[in-house]
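Colleague: Here you go, upload-v2.txt (compact mmCIF, C-alpha atoms):
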```txt
# COMPACT_ATOMS: atom_id res chain seq x y z
CA MET E 1 -3.65 -8.82 -31.32
CA PRO E 2 -4.27 -12.60 -31.56
CA ARG E 3 -6.49 -14.12 -28.89
CA GLY E 4 -5.78 -17.34 -27.04
CA ASP E 5 -3.01 -18.34 -24.69
CA PRO E 6 -0.61 -15.47 -24.24
CA VAL E 7 2.96 -16.19 -25.19
CA THR E 8 5.68 -15.67 -22.66
CA LEU E 9 7.39 -12.40 -23.44
CA PRO E 10 11.11 -11.88 -23.39
CA THR E 11 12.14 -9.84 -20.37
CA LEU E 12 15.20 -7.88 -19.45
CA VAL E 13 15.99 -7.47 -15.77
CA LEU E 14 17.44 -4.04 -15.21
CA ASP E 15 20.16 -5.08 -12.76
CA GLU E 16 23.94 -5.05 -12.60
CA GLU E 17 24.26 -8.51 -14.12
CA SER E 18 22.39 -8.27 -17.41
CA THR E 19 24.00 -6.14 -20.09
CA VAL E 20 22.78 -4.11 -23.04
CA GLY E 21 24.56 -2.72 -26.07
CA LEU E 22 24.62 0.89 -27.16
CA GLY E 23 21.73 0.51 -29.62
CA GLU E 24 19.43 -1.27 -27.20
CA LEU E 25 20.20 1.24 -24.45
CA CYS E 26 19.33 4.14 -26.76
CA ARG E 27 16.13 2.44 -27.86
CA ALA E 28 15.06 1.64 -24.29
CA ALA E 29 15.72 5.18 -23.08
CA HIS E 30 14.35 6.77 -26.26
CA ILE E 31 17.48 8.85 -26.76
CA SER E 32 19.89 9.40 -29.60
CA ALA E 33 23.40 7.96 -29.58
CA GLU E 34 24.74 11.53 -29.31
CA ARG E 35 22.75 12.16 -26.17
CA LEU E 36 23.99 8.88 -24.71
CA MET E 37 27.58 9.88 -25.52
CA ALA E 38 27.00 13.10 -23.60
CA MET E 39 25.76 11.08 -20.63
CA VAL E 40 28.81 8.83 -20.79
CA ALA E 41 31.04 11.89 -20.95
CA GLU E 42 29.28 13.23 -17.85
CA GLY E 43 29.87 9.90 -16.09
CA LEU E 44 26.14 9.37 -15.64
CA VAL E 45 26.49 5.88 -17.08
CA GLU E 46 29.68 4.00 -17.73
CA PRO E 47 30.40 1.41 -20.41
CA LEU E 48 31.79 -1.92 -19.18
CA GLY E 49 35.37 -2.45 -20.28
CA LYS E 50 37.11 -0.43 -22.94
CA GLY E 51 36.67 -0.34 -26.67
CA PRO E 52 35.07 1.73 -29.39
CA PRO E 53 31.46 2.92 -28.81
CA ALA E 54 30.10 0.39 -31.32
CA GLU E 55 31.25 -2.38 -28.97
CA TRP E 56 30.11 -0.74 -25.76
CA ARG E 57 28.15 -2.83 -23.28
CA PHE E 58 26.38 -1.37 -20.26
CA ALA E 59 24.94 -2.97 -17.13
CA ALA E 60 21.19 -3.12 -17.77
CA VAL E 61 20.56 -0.93 -14.72
CA ALA E 62 21.83 1.92 -16.93
CA VAL E 63 18.37 1.93 -18.54
CA THR E 64 16.81 2.86 -15.18
CA ARG E 65 19.52 5.42 -14.51
CA ILE E 66 19.08 7.18 -17.83
CA ARG E 67 15.30 7.16 -17.62
CA THR E 68 15.43 8.63 -14.13
CA ALA E 69 17.92 11.27 -15.32
CA LEU E 70 15.60 12.20 -18.20
CA ARG E 71 12.64 12.54 -15.82
CA LEU E 72 14.67 14.73 -13.48
CA GLN E 73 15.83 16.88 -16.39
CA ARG E 74 12.31 17.26 -17.71
CA ASP E 75 10.41 17.71 -14.45
CA LEU E 76 12.91 19.68 -12.36
CA GLU E 77 14.73 21.37 -15.21
CA VAL E 78 18.16 20.38 -13.95
CA ASN E 79 20.97 20.01 -16.44
CA LEU E 80 22.86 16.80 -17.15
CA ALA E 81 25.49 17.42 -14.46
CA GLY E 82 22.73 18.15 -11.94
CA ALA E 83 20.88 14.97 -12.88
CA ALA E 84 24.08 12.94 -12.56
CA LEU E 85 24.71 14.44 -9.12
CA ALA E 86 21.12 13.72 -8.03
CA LEU E 87 21.44 10.11 -9.21
CA ASP E 88 24.64 9.57 -7.26
CA LEU E 89 23.07 11.10 -4.16
CA LEU E 90 19.94 8.97 -4.61
CA ASP E 91 22.12 5.85 -4.82
CA GLU E 92 23.83 6.92 -1.61
CA VAL E 93 20.46 7.56 0.09
CA ARG E 94 19.25 4.12 -0.98
CA ARG E 95 22.42 2.49 0.33
CA LEU E 96 22.12 4.30 3.66
CA ARG E 97 18.42 3.46 3.97
CA ALA E 98 19.19 -0.23 3.39
CA GLN E 99 21.89 0.00 6.06
CA VAL E 100 19.47 1.65 8.51
CA ARG E 101 16.97 -1.11 7.83
CA THR E 102 19.55 -3.82 8.51
CA LEU E 103 20.69 -2.07 11.69
CA GLU E 104 17.11 -1.61 12.88
CA HIS E 105 16.46 -5.27 12.18
CA ARG E 106 19.53 -6.17 14.24
CA LEU E 107 18.38 -3.95 17.11
CA ARG E 108 14.92 -5.49 17.03
CA CYS E 109 16.47 -8.95 17.31
CA GLY E 110 18.62 -7.64 20.16
CA SER E 111 21.81 -9.10 18.80
CA ASP E 112 25.46 -8.28 18.14
CA MET R 1 -16.54 15.77 -11.67
CA GLU R 2 -14.82 17.50 -8.79
CA PHE R 3 -13.48 21.01 -8.93
CA LYS R 4 -9.71 21.39 -8.49
CA ASP R 5 -8.35 24.43 -6.73
CA TYR R 6 -5.01 24.77 -8.54
CA TYR R 7 -3.95 27.74 -6.43
CA ARG R 8 -4.37 25.75 -3.25
CA THR R 9 -2.46 22.81 -4.72
CA LEU R 10 0.53 25.09 -5.22
CA GLY R 11 -0.07 26.92 -1.93
CA LEU R 12 -0.66 30.24 -3.70
CA GLU R 13 -3.05 33.17 -3.50
CA ARG R 14 -5.04 33.91 -6.61
CA ASP R 15 -3.05 37.07 -7.28
CA ALA R 16 0.30 35.25 -7.34
CA SER R 17 2.70 36.42 -10.03
CA GLN R 18 3.94 34.07 -12.76
CA GLU R 19 7.28 34.09 -10.92
CA ASP R 20 5.52 32.95 -7.72
CA VAL R 21 3.81 30.18 -9.64
CA LYS R 22 7.09 28.95 -11.03
CA ARG R 23 8.87 29.13 -7.69
CA ALA R 24 6.07 27.29 -5.86
CA TYR R 25 6.00 24.63 -8.56
CA ARG R 26 9.76 24.08 -8.49
CA ARG R 27 9.78 23.70 -4.74
CA LEU R 28 6.88 21.22 -4.69
CA ALA R 29 8.17 19.32 -7.74
CA ARG R 30 11.46 18.69 -5.93
CA LYS R 31 9.60 17.67 -2.79
CA PHE R 32 7.22 15.22 -4.45
CA HIS R 33 9.16 14.02 -7.47
CA PRO R 34 8.59 10.24 -7.41
CA ASP R 35 12.25 9.54 -8.17
CA VAL R 36 13.41 11.65 -5.26
CA SER R 37 10.64 11.72 -2.68
CA LYS R 38 10.00 9.22 0.07
CA GLU R 39 6.55 10.66 0.85
CA PRO R 40 4.09 7.77 0.67
CA ASP R 41 1.73 9.64 -1.67
CA ALA R 42 4.49 11.33 -3.69
CA GLU R 43 3.30 10.14 -7.08
CA GLU R 44 -0.26 11.35 -6.51
CA ARG R 45 0.90 14.70 -5.14
CA PHE R 46 3.41 15.16 -7.96
CA LYS R 47 0.66 14.60 -10.50
CA GLU R 48 -1.59 17.16 -8.79
CA VAL R 49 1.22 19.71 -8.62
CA ASN R 50 2.01 19.17 -12.30
CA GLU R 51 -1.61 19.48 -13.31
CA ALA R 52 -1.92 22.74 -11.40
CA TYR R 53 1.28 24.07 -12.94
CA GLU R 54 0.23 22.99 -16.41
CA VAL R 55 -2.68 25.41 -16.11
CA LEU R 56 -1.25 28.24 -14.01
CA LYS R 57 2.07 28.55 -15.88
CA ASP R 58 0.23 29.35 -19.10
CA PRO R 59 -1.29 32.87 -18.94
CA GLU R 60 -4.08 31.89 -21.36
CA LYS R 61 -5.12 28.76 -19.51
CA ARG R 62 -4.76 30.58 -16.22
CA ALA R 63 -7.04 33.38 -17.38
CA ALA R 64 -9.62 30.84 -18.55
CA TYR R 65 -9.39 29.02 -15.26
CA ASP R 66 -9.69 32.27 -13.28
CA ARG R 67 -12.88 33.06 -15.19
CA LEU R 68 -14.55 30.08 -13.48
CA GLY R 69 -14.53 32.30 -10.41
CA SER R 70 -13.03 32.05 -6.95
CA GLU R 71 -16.10 30.59 -5.26
CA TRP R 72 -15.20 27.03 -6.09
CA LYS R 73 -13.57 24.71 -3.56
CA THR R 74 -11.58 21.55 -4.26
CA GLY R 75 -13.84 18.51 -4.29
CA GLN R 76 -17.01 20.43 -5.08
CA GLU R 77 -19.17 18.92 -7.80
CA PHE R 78 -18.36 20.82 -10.96
CA ARG R 79 -19.65 21.12 -14.55
CA PRO R 80 -17.92 23.51 -16.89
CA PRO R 81 -20.32 26.24 -18.02
CA PRO R 82 -21.15 25.83 -21.72
CA ASP R 83 -19.45 29.06 -22.75
CA TRP R 84 -16.61 29.03 -20.27
CA ASP R 85 -13.96 29.35 -22.96
CA ALA R 86 -15.71 32.03 -25.02
CA GLY R 87 -13.69 35.07 -25.74
CA PHE R 88 -10.30 33.44 -25.47
CA GLU R 89 -8.03 32.68 -28.29
CA PHE R 90 -6.12 29.54 -27.62
CA ARG R 91 -2.91 28.54 -29.19
CA GLY R 92 -2.44 24.90 -30.00
CA GLY R 93 0.65 22.91 -29.34
CA GLY R 94 3.27 22.64 -26.65
CA PHE R 95 0.65 21.14 -24.49
CA THR R 96 0.65 18.79 -21.51
CA ASP R 97 4.25 18.11 -22.18
CA ALA R 98 4.61 16.83 -18.63
CA GLY R 99 3.74 13.30 -19.57
CA ALA R 100 0.19 14.02 -20.69
CA GLY R 101 -1.87 11.17 -19.23
CA GLY R 102 -2.99 10.87 -15.66
CA PHE R 103 -4.50 14.31 -15.16
CA SER R 104 -7.90 14.62 -13.54
CA ASP R 105 -11.29 14.55 -15.26
CA PHE R 106 -11.55 18.18 -14.30
CA PHE R 107 -8.41 19.00 -16.24
CA GLU R 108 -9.44 16.85 -19.18
CA ALA R 109 -12.84 18.55 -19.41
CA LEU R 110 -11.33 22.02 -19.46
CA PHE R 111 -8.00 21.61 -21.16
CA GLY R 112 -7.85 18.01 -22.38
CA ALA R 113 -7.93 16.36 -25.77
CA ARG R 114 -11.63 17.09 -26.30
CA GLY R 115 -11.51 20.56 -24.87
CA PRO R 116 -10.90 23.74 -26.81
CA PHE R 117 -7.23 23.67 -25.86
CA ALA R 118 -6.59 20.42 -27.68
CA GLY R 119 -3.75 21.39 -29.89
CA ALA R 120 -0.92 19.74 -31.64
CA HIS R 121 -0.43 17.27 -28.83
CA GLY R 122 -0.04 13.83 -30.30
CA ALA R 123 0.28 15.23 -33.77
CA ARG R 124 3.75 16.70 -33.63
CA GLY R 125 5.85 15.02 -36.26
CA ARG R 126 4.90 11.82 -37.94
CA GLY R 127 5.24 8.37 -36.44
CA PHE R 128 6.22 8.83 -32.85
CA GLN R 129 6.79 6.14 -30.31
CA GLY R 130 4.06 5.03 -27.90
CA GLU R 131 4.22 5.87 -24.24
CA ASP R 132 6.15 3.70 -21.83
CA HIS R 133 3.91 2.08 -19.27
CA HIS R 134 4.67 1.19 -15.68
CA ALA R 135 3.20 -1.37 -13.35
CA LYS R 136 4.11 -2.98 -10.07
CA ILE R 137 4.16 -6.72 -9.80
CA LEU R 138 3.79 -8.42 -6.45
CA ILE R 139 5.59 -11.74 -6.12
CA GLY R 140 6.47 -14.09 -3.27
CA LEU R 141 10.05 -14.54 -2.04
CA GLU R 142 9.90 -18.14 -3.25
CA ASP R 143 9.14 -16.82 -6.75
CA ALA R 144 12.17 -14.56 -6.57
CA TYR R 145 14.29 -17.50 -5.45
CA HIS R 146 13.17 -20.03 -8.04
CA GLY R 147 12.04 -17.69 -10.82
CA THR R 148 8.47 -17.86 -12.03
CA THR R 149 6.11 -17.14 -14.87
CA ARG R 150 3.27 -14.77 -14.18
CA GLN R 151 0.16 -13.78 -16.00
CA ILE R 152 -0.52 -10.14 -15.50
CA GLN R 153 -3.54 -8.20 -16.55
CA LEU R 154 -3.26 -4.62 -17.58
CA GLU R 155 -6.01 -2.14 -18.22
CA VAL R 156 -5.22 -0.22 -21.35
CA PRO R 157 -7.15 2.55 -23.05
CA ALA R 158 -8.24 1.72 -26.57
CA VAL R 159 -10.56 3.17 -29.17
CA ASP R 160 -13.62 1.08 -30.09
CA ALA R 161 -15.39 0.77 -33.44
CA HIS R 162 -17.40 3.92 -32.72
CA GLY R 163 -14.33 5.96 -31.96
CA ARG R 164 -15.07 5.98 -28.24
CA LEU R 165 -12.36 5.64 -25.65
CA VAL R 166 -12.77 2.36 -23.77
CA ARG R 167 -10.65 0.40 -21.32
CA LYS R 168 -9.52 -3.02 -22.45
CA THR R 169 -7.91 -5.73 -20.41
CA ARG R 170 -4.73 -7.16 -21.82
CA THR R 171 -3.20 -10.35 -20.48
CA LEU R 172 0.54 -10.83 -20.65
CA GLN R 173 2.63 -13.79 -19.66
CA VAL R 174 5.87 -12.67 -18.08
CA ARG R 175 8.84 -14.74 -17.09
CA ILE R 176 10.46 -13.48 -13.91
CA PRO R 177 13.98 -14.80 -13.72
CA LYS R 178 15.34 -16.07 -10.42
CA GLY R 179 17.27 -13.66 -8.24
CA VAL R 180 15.23 -10.50 -8.74
CA THR R 181 15.21 -8.14 -5.79
CA GLU R 182 12.73 -5.67 -4.36
CA GLY R 183 12.40 -2.48 -6.38
CA GLN R 184 14.19 -3.90 -9.40
CA GLN R 185 12.67 -3.20 -12.78
CA ILE R 186 11.98 -5.54 -15.65
CA ARG R 187 11.61 -4.21 -19.17
CA LEU R 188 9.25 -5.70 -21.71
CA ALA R 189 10.16 -4.14 -25.02
CA GLY R 190 7.26 -3.04 -27.18
CA GLN R 191 4.57 -3.82 -24.59
CA GLY R 192 3.75 -0.23 -23.67
CA GLY R 193 1.36 2.16 -25.35
CA PRO R 194 0.81 1.85 -29.10
CA GLY R 195 2.77 4.14 -31.35
CA ALA R 196 1.09 6.59 -33.69
CA GLY R 197 1.57 7.17 -37.38
CA GLY R 198 3.63 4.03 -37.80
CA GLY R 199 5.83 4.73 -34.79
CA PRO R 200 6.90 1.80 -32.60
CA ALA R 201 5.04 0.89 -29.40
CA GLY R 202 6.41 2.03 -26.05
CA ASP R 203 7.85 -0.34 -23.49
CA LEU R 204 6.38 -1.81 -20.35
CA TYR R 205 8.33 -1.54 -17.11
CA LEU R 206 7.44 -3.83 -14.24
CA GLU R 207 8.72 -3.01 -10.79
CA ILE R 208 9.21 -5.96 -8.49
CA ALA R 209 7.63 -5.82 -5.04
CA PHE R 210 7.71 -8.67 -2.54
CA ARG R 211 4.63 -9.92 -0.79
CA PRO R 212 5.33 -9.96 2.98
CA HIS R 213 6.50 -13.43 3.96
CA PRO R 214 5.48 -14.98 7.30
CA GLN R 215 9.04 -16.20 7.92
CA PHE R 216 11.62 -14.57 5.71
CA GLU R 217 12.57 -10.96 5.23
CA ALA R 218 14.67 -9.83 2.29
CA HIS R 219 17.28 -7.08 2.49
CA GLY R 220 18.55 -6.84 -1.06
CA ARG R 221 19.71 -10.37 -1.85
CA ASP R 222 20.20 -11.29 1.83
CA ILE R 223 17.47 -13.18 3.63
CA HIS R 224 16.80 -12.84 7.34
CA VAL R 225 14.94 -15.38 9.44
CA THR R 226 14.36 -15.90 13.15
CA LEU R 227 14.86 -19.45 14.40
CA PRO R 228 13.31 -20.55 17.72
CA ILE R 229 15.51 -22.94 19.73
CA THR R 230 15.33 -24.57 23.17
CA PRO R 231 17.48 -23.46 26.12
CA TRP R 232 19.40 -26.75 26.05
CA GLU R 233 20.10 -26.47 22.31
CA ALA R 234 21.46 -22.99 23.02
CA ALA R 235 23.52 -24.04 26.04
CA LEU R 236 24.84 -27.37 24.80
CA GLY R 237 24.96 -26.73 21.09
CA ALA R 238 22.98 -28.77 18.60
CA ARG R 239 22.47 -29.60 14.97
CA VAL R 240 19.02 -28.41 13.91
CA GLN R 241 17.16 -27.83 10.68
CA ALA R 242 16.77 -24.23 9.55
CA PRO R 243 14.36 -23.16 6.80
CA THR R 244 15.79 -21.47 3.72
CA LEU R 245 14.07 -20.43 0.50
CA GLY R 246 15.71 -23.44 -1.15
CA GLY R 247 14.44 -25.86 1.52
CA PRO R 248 15.59 -26.83 5.02
CA VAL R 249 19.33 -27.09 5.69
CA ASP R 250 21.34 -28.42 8.64
CA LEU R 251 22.56 -25.71 10.96
CA GLN R 252 25.11 -26.15 13.74
CA ILE R 253 24.22 -24.12 16.81
CA PRO R 254 27.42 -23.43 18.73
CA PRO R 255 27.32 -24.27 22.47
CA GLY R 256 26.77 -21.29 24.72
CA SER R 257 24.57 -19.40 22.24
CA GLN R 258 22.27 -16.63 23.44
CA SER R 259 19.07 -15.24 22.02
CA GLY R 260 19.80 -12.82 19.21
CA ARG R 261 22.94 -14.60 18.05
CA LYS R 262 23.17 -14.36 14.30
CA LEU R 263 24.46 -17.21 12.18
CA ARG R 264 25.24 -16.85 8.52
CA LEU R 265 24.40 -19.41 5.86
CA LYS R 266 26.63 -18.31 3.03
CA GLY R 267 25.06 -18.16 -0.41
CA ARG R 268 21.62 -19.26 0.83
CA GLY R 269 19.94 -15.93 0.04
CA LEU R 270 18.52 -14.90 -3.31
CA PRO R 271 20.56 -16.28 -6.24
CA GLY R 272 22.71 -14.14 -8.51
CA ARG R 273 26.25 -13.84 -9.74
CA THR R 274 27.03 -12.98 -6.12
CA PRO R 275 24.26 -14.81 -4.30
CA GLY R 276 22.91 -13.33 -1.10
CA ASP R 277 23.43 -14.92 2.32
CA GLN R 278 20.86 -16.05 4.81
CA TYR R 279 21.11 -14.73 8.35
CA VAL R 280 19.54 -16.84 11.06
CA THR R 281 18.80 -15.05 14.32
CA LEU R 282 18.45 -17.44 17.25
CA GLN R 283 15.59 -16.95 19.64
CA ILE R 284 15.53 -19.04 22.80
CA VAL R 285 12.07 -20.18 23.78
CA THR R 286 11.60 -21.62 27.28
CA PRO R 287 9.14 -24.48 27.76
CA PRO R 288 6.25 -23.73 30.13
CA ALA R 289 6.47 -25.00 33.73
CA ASP R 290 3.01 -26.49 33.51
CA THR R 291 3.59 -29.97 34.94
CA GLU R 292 5.01 -31.06 38.26
CA PRO R 293 8.20 -32.60 36.75
CA ALA R 294 8.75 -29.46 34.66
CA ARG R 295 8.40 -27.25 37.73
CA ARG R 296 10.88 -29.44 39.61
CA ILE R 297 13.45 -29.03 36.82
CA TYR R 298 13.12 -25.25 36.86
CA GLU R 299 13.39 -25.21 40.67
CA GLN R 300 16.46 -27.39 40.48
CA MET R 301 17.95 -25.02 37.89
CA ALA R 302 17.28 -22.09 40.19
CA ARG R 303 19.17 -23.86 42.96
CA THR R 304 21.99 -25.15 40.77
CA PHE R 305 22.82 -21.99 38.83
CA ARG R 306 24.09 -19.03 40.72
CA PHE R 307 23.01 -16.96 37.75
CA ASP R 308 21.85 -13.38 37.68
CA PRO R 309 21.45 -12.05 34.10
CA ARG R 310 20.81 -8.58 35.59
CA ALA R 311 23.96 -8.51 37.66
CA ARG R 312 25.65 -5.98 35.40
CA GLN R 313 22.66 -3.69 35.22
CA GLY R 314 22.93 -2.64 38.89
CA GLY R 315 19.75 -1.26 40.44
```
Transcribe the structure of this file into structure tokens.

Modeller:
Amino acid sequence: MPRGDPVTLPTLVLDEESTVGLGELCRAAHISAERLMAMVAEGLVEPLGKGPPAEWRFAAVAVTRIRTALRLQRDLEVNLAGAALALDLLDEVRRLRAQVRTLEHRLRCGSD
Amino acid sequence: MEFKDYYRTLGLERDASQEDVKRAYRRLARKFHPDVSKEPDAEERFKEVNEAYEVLKDPEKRAAYDRLGSEWKTGQEFRPPPDWDAGFEFRGGGFTDAGAGGFSDFFEALFGARGPFAGAHGARGRGFQGEDHHAKILIGLEDAYHGTTRQIQLEVPAVDAHGRLVRKTRTLQVRIPKGVTEGQQIRLAGQGGPGAGGGPAGDLYLEIAFRPHPQFEAHGRDIHVTLPITPWEAALGARVQAPTLGGPVDLQIPPGSQSGRKLRLKGRGLPGRTPGDQYVTLQIVTPPADTEPARRIYEQMARTFRFDPRARQGG
């Protein structure tokens, strides 16, 4: 690795706004296209818009979703449907926790 | 190194059946899985549970471990006896499949890459991809608002000229785009662990965490701030300056405002395709009655207002 001033590396923010194609998503998650297709079929991740798989785009947050699903499958030995269910429930828990935080904040400020 | 009591980690007696081991592991893995758990030390506990299971699930490793005897307690200073693995035939392969790295020195000494159990791990197939690495990056809310470039230093294991394992510091320059939120991840392709046998390097994932801000609090993309105002600004209404991450803005306080009233500054939160809002909570601060004229004004207010804020509370 060359010494000296480090170069600024390209970054991808894994949010709802950035998008990735099928190839990049497979590379990032270290999975085959077939395995990704199975995840799409399970509704674990959803391509944006319609079109043939070669043109599929996904919200970049799909990388996080797939990687979490793979960890759950590996560590807890749940199947794909179970991982998809856990992910949906985790999203719901996160949403509710954020809501609790906002409500607690509102209570603390004694408003509304 | 410290001895690890794997039975205690899984909450088991030493005579537990393989079924018991599996059941205990499953239960604890669900409880402490870092993706699922909210326990503050989930990651640490999950690692311990996995390490224990890695040994106890495998009858050969378990038998070798049991041979160390039951006198040991977790945390006790431990050196493996020179012949501790004699008389066992170990199979290679299928080893530390639970993400390998991160196990204790104790585990590494007994079952790790240099130990007698070192098998096909790392050698399966040719050219496999390096491990993905994870790190947290702490940034200020201003950085999230404006975007920033950060130098981060990562400690990475490397092999030196003598074939010894050493830790090297690697410096990376990372651009953090504006509008990132707490907990969001950023992927740096190819910046993880090196691949082997010509395989590509893994990726580096950075998780965004916000440094606590003295003024602002972020909830997703929304920003919350408390704004102190005077009683007359609250009663009469006023145009005041309110701080936002993008700089101060004019804020109209409606007449008759009370403490706790929340005003919204649309689109003044963290930027994005749908930018967050800023919520300003008013907090009325009364000036001290520490001079004679000030006292007189308060006394006059007491006479002028027939005001009892507790009237509706009874008692």

Colleague: Counting all atoms listed in the file, which residues of chain E sit at most 10 Å from some atom of chain R, and what is each one's closest atom pair with its distance in Å to one decimal, listed by chain and rising residue number, as a Markdown table?

Modeller:
```
| residue | atom | partner | partner_atom | distance |
| --- | --- | --- | --- | --- |
| E:Met1 | CA | R:Arg170 | CA | 9.7 |
| E:Arg3 | CA | R:Thr171 | CA | 9.8 |
| E:Gly4 | CA | R:Thr171 | CA | 9.9 |
| E:Asp5 | CA | R:Gln173 | CA | 8.8 |
| E:Pro6 | CA | R:Gln173 | CA | 5.9 |
| E:Val7 | CA | R:Gln173 | CA | 6.0 |
| E:Thr8 | CA | R:Gln173 | CA | 4.7 |
| E:Leu9 | CA | R:Val174 | CA | 5.6 |
| E:Pro10 | CA | R:Leu188 | CA | 6.7 |
| E:Thr11 | CA | R:Leu188 | CA | 5.2 |
| E:Leu12 | CA | R:Arg187 | CA | 5.1 |
| E:Val13 | CA | R:Ile186 | CA | 4.5 |
| E:Leu14 | CA | R:Gln185 | CA | 5.4 |
| E:Asp15 | CA | R:Gln184 | CA | 7.0 |
| E:Glu16 | CA | R:Arg273 | CA | 9.5 |
| E:Glu17 | CA | R:Arg273 | CA | 7.2 |
| E:Glu24 | CA | R:Ala189 | CA | 9.9 |
| E:Arg27 | CA | R:Ala189 | CA | 9.3 |
| E:Ala28 | CA | R:Asp203 | CA | 7.5 |
| E:Ala29 | CA | R:Asp203 | CA | 9.6 |
| E:His30 | CA | R:Gln129 | CA | 8.6 |
| E:Ala60 | CA | R:Arg187 | CA | 9.7 |
| E:Val61 | CA | R:Gln185 | CA | 8.4 |
| E:Val63 | CA | R:Arg187 | CA | 9.2 |
| E:Thr64 | CA | R:Gln185 | CA | 7.7 |
| E:Thr68 | CA | R:Asp35 | CA | 6.8 |
| E:Ala69 | CA | R:Asp35 | CA | 9.3 |
| E:Arg71 | CA | R:Asp35 | CA | 8.2 |
| E:Leu72 | CA | R:Asp35 | CA | 7.8 |
| E:Arg74 | CA | R:Ala98 | CA | 7.8 |
| E:Asp75 | CA | R:Ala98 | CA | 7.2 |
| E:Leu76 | CA | R:Ala29 | CA | 6.6 |
| E:Glu77 | CA | R:Arg26 | CA | 8.8 |
| E:Ala86 | CA | R:Val36 | CA | 8.4 |
| E:Leu87 | CA | R:Val36 | CA | 9.1 |
| E:Leu89 | CA | R:Val36 | CA | 9.7 |
| E:Leu90 | CA | R:Val36 | CA | 7.1 |
| E:Val93 | CA | R:Val36 | CA | 9.7 |
| E:Ala98 | CA | R:His219 | CA | 7.2 |
| E:Gln99 | CA | R:His219 | CA | 9.2 |
| E:Arg101 | CA | R:His219 | CA | 8.0 |
| E:Thr102 | CA | R:His219 | CA | 7.2 |
| E:His105 | CA | R:His224 | CA | 9.0 |
| E:Arg106 | CA | R:Gly260 | CA | 8.3 |
| E:Leu107 | CA | R:Gly260 | CA | 9.2 |
| E:Arg108 | CA | R:Gly260 | CA | 9.1 |
| E:Cys109 | CA | R:Gly260 | CA | 5.4 |
| E:Gly110 | CA | R:Gly260 | CA | 5.4 |
| E:Ser111 | CA | R:Gly260 | CA | 4.2 |
| E:Asp112 | CA | R:Arg261 | CA | 6.8 |
```

Colleague: So, with all atoms listed in the file as the atoms that count, which of R:Phe107, R:Phe32, R:Phe307, R:Tyr145 lies closest to Gly269 (chain R)?

Modeller: R:Tyr145

Colleague: To one decimal place in Å, what is the distance between CA of Ala144 (chain R) and CA of Arg221 (chain R)?

Modeller: 9.8 Å

Colleague: Need to verify the contact set: Thr169 (chain R), 10 Å, all atoms listed in the file, exclusion of same-chain residues closer than 4 positions in sequence. Can you return it as a JSON list (two decimals) with C-alpha atoms, keeping the file's coordinate frame?

Modeller:
```json
[["chain", "number", "residue", "atom", "x", "y", "z"],
["R", 152, "ILE", "CA", -0.52, -10.14, -15.50],
["R", 153, "GLN", "CA", -3.54, -8.20, -16.55],
["R", 154, "LEU", "CA", -3.26, -4.62, -17.58],
["R", 155, "GLU", "CA", -6.01, -2.14, -18.22],
["R", 156, "VAL", "CA", -5.22, -0.22, -21.35],
["R", 157, "PRO", "CA", -7.15, 2.55, -23.05],
["R", 158, "ALA", "CA", -8.24, 1.72, -26.57]]
```

Colleague: Grab the CA of Ser104 (chain R) to CA of Val49 (chain R) distance for me, in Å with one decimal place.

Modeller: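 About the pair CA of Ser104 (chain R) and CA of Val49 (chain R): they are 11.5 Å apart.
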
Colleague: Take CA of Leu227 (chain R) and CA of Pro243 (chain R) and report the distance between them in Å, one decimal.

Modeller: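 Between CA of Leu227 (chain R) and CA of Pro243 (chain R) the gap works out to 8.5 Å.
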
Colleague: If you count all atoms listed in the file, which residues fall within 6 Å of region 138-141 of chain R, apart from same-chain ones fewer than 3 positions away, as a ChimeraX atom specification?

Modeller: /R:144,209-211

Colleague: Can I get the selected residues back with C-alpha atoms, as an mmCIF file, in the frame of the given file?

Modeller:
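Contents of part.cif, freshly written:
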```cif
data_model
loop_
_atom_site.group_PDB
_atom_site.id
_atom_site.type_symbol
_atom_site.label_atom_id
_atom_site.label_comp_id
_atom_site.auth_asym_id
_atom_site.auth_seq_id
_atom_site.Cartn_x
_atom_site.Cartn_y
_atom_site.Cartn_z
ATOM 1 C CA ALA R 144 12.170 -14.560 -6.570
ATOM 2 C CA ALA R 209 7.630 -5.820 -5.040
ATOM 3 C CA PHE R 210 7.710 -8.670 -2.540
ATOM 4 C CA ARG R 211 4.630 -9.920 -0.790
#
```
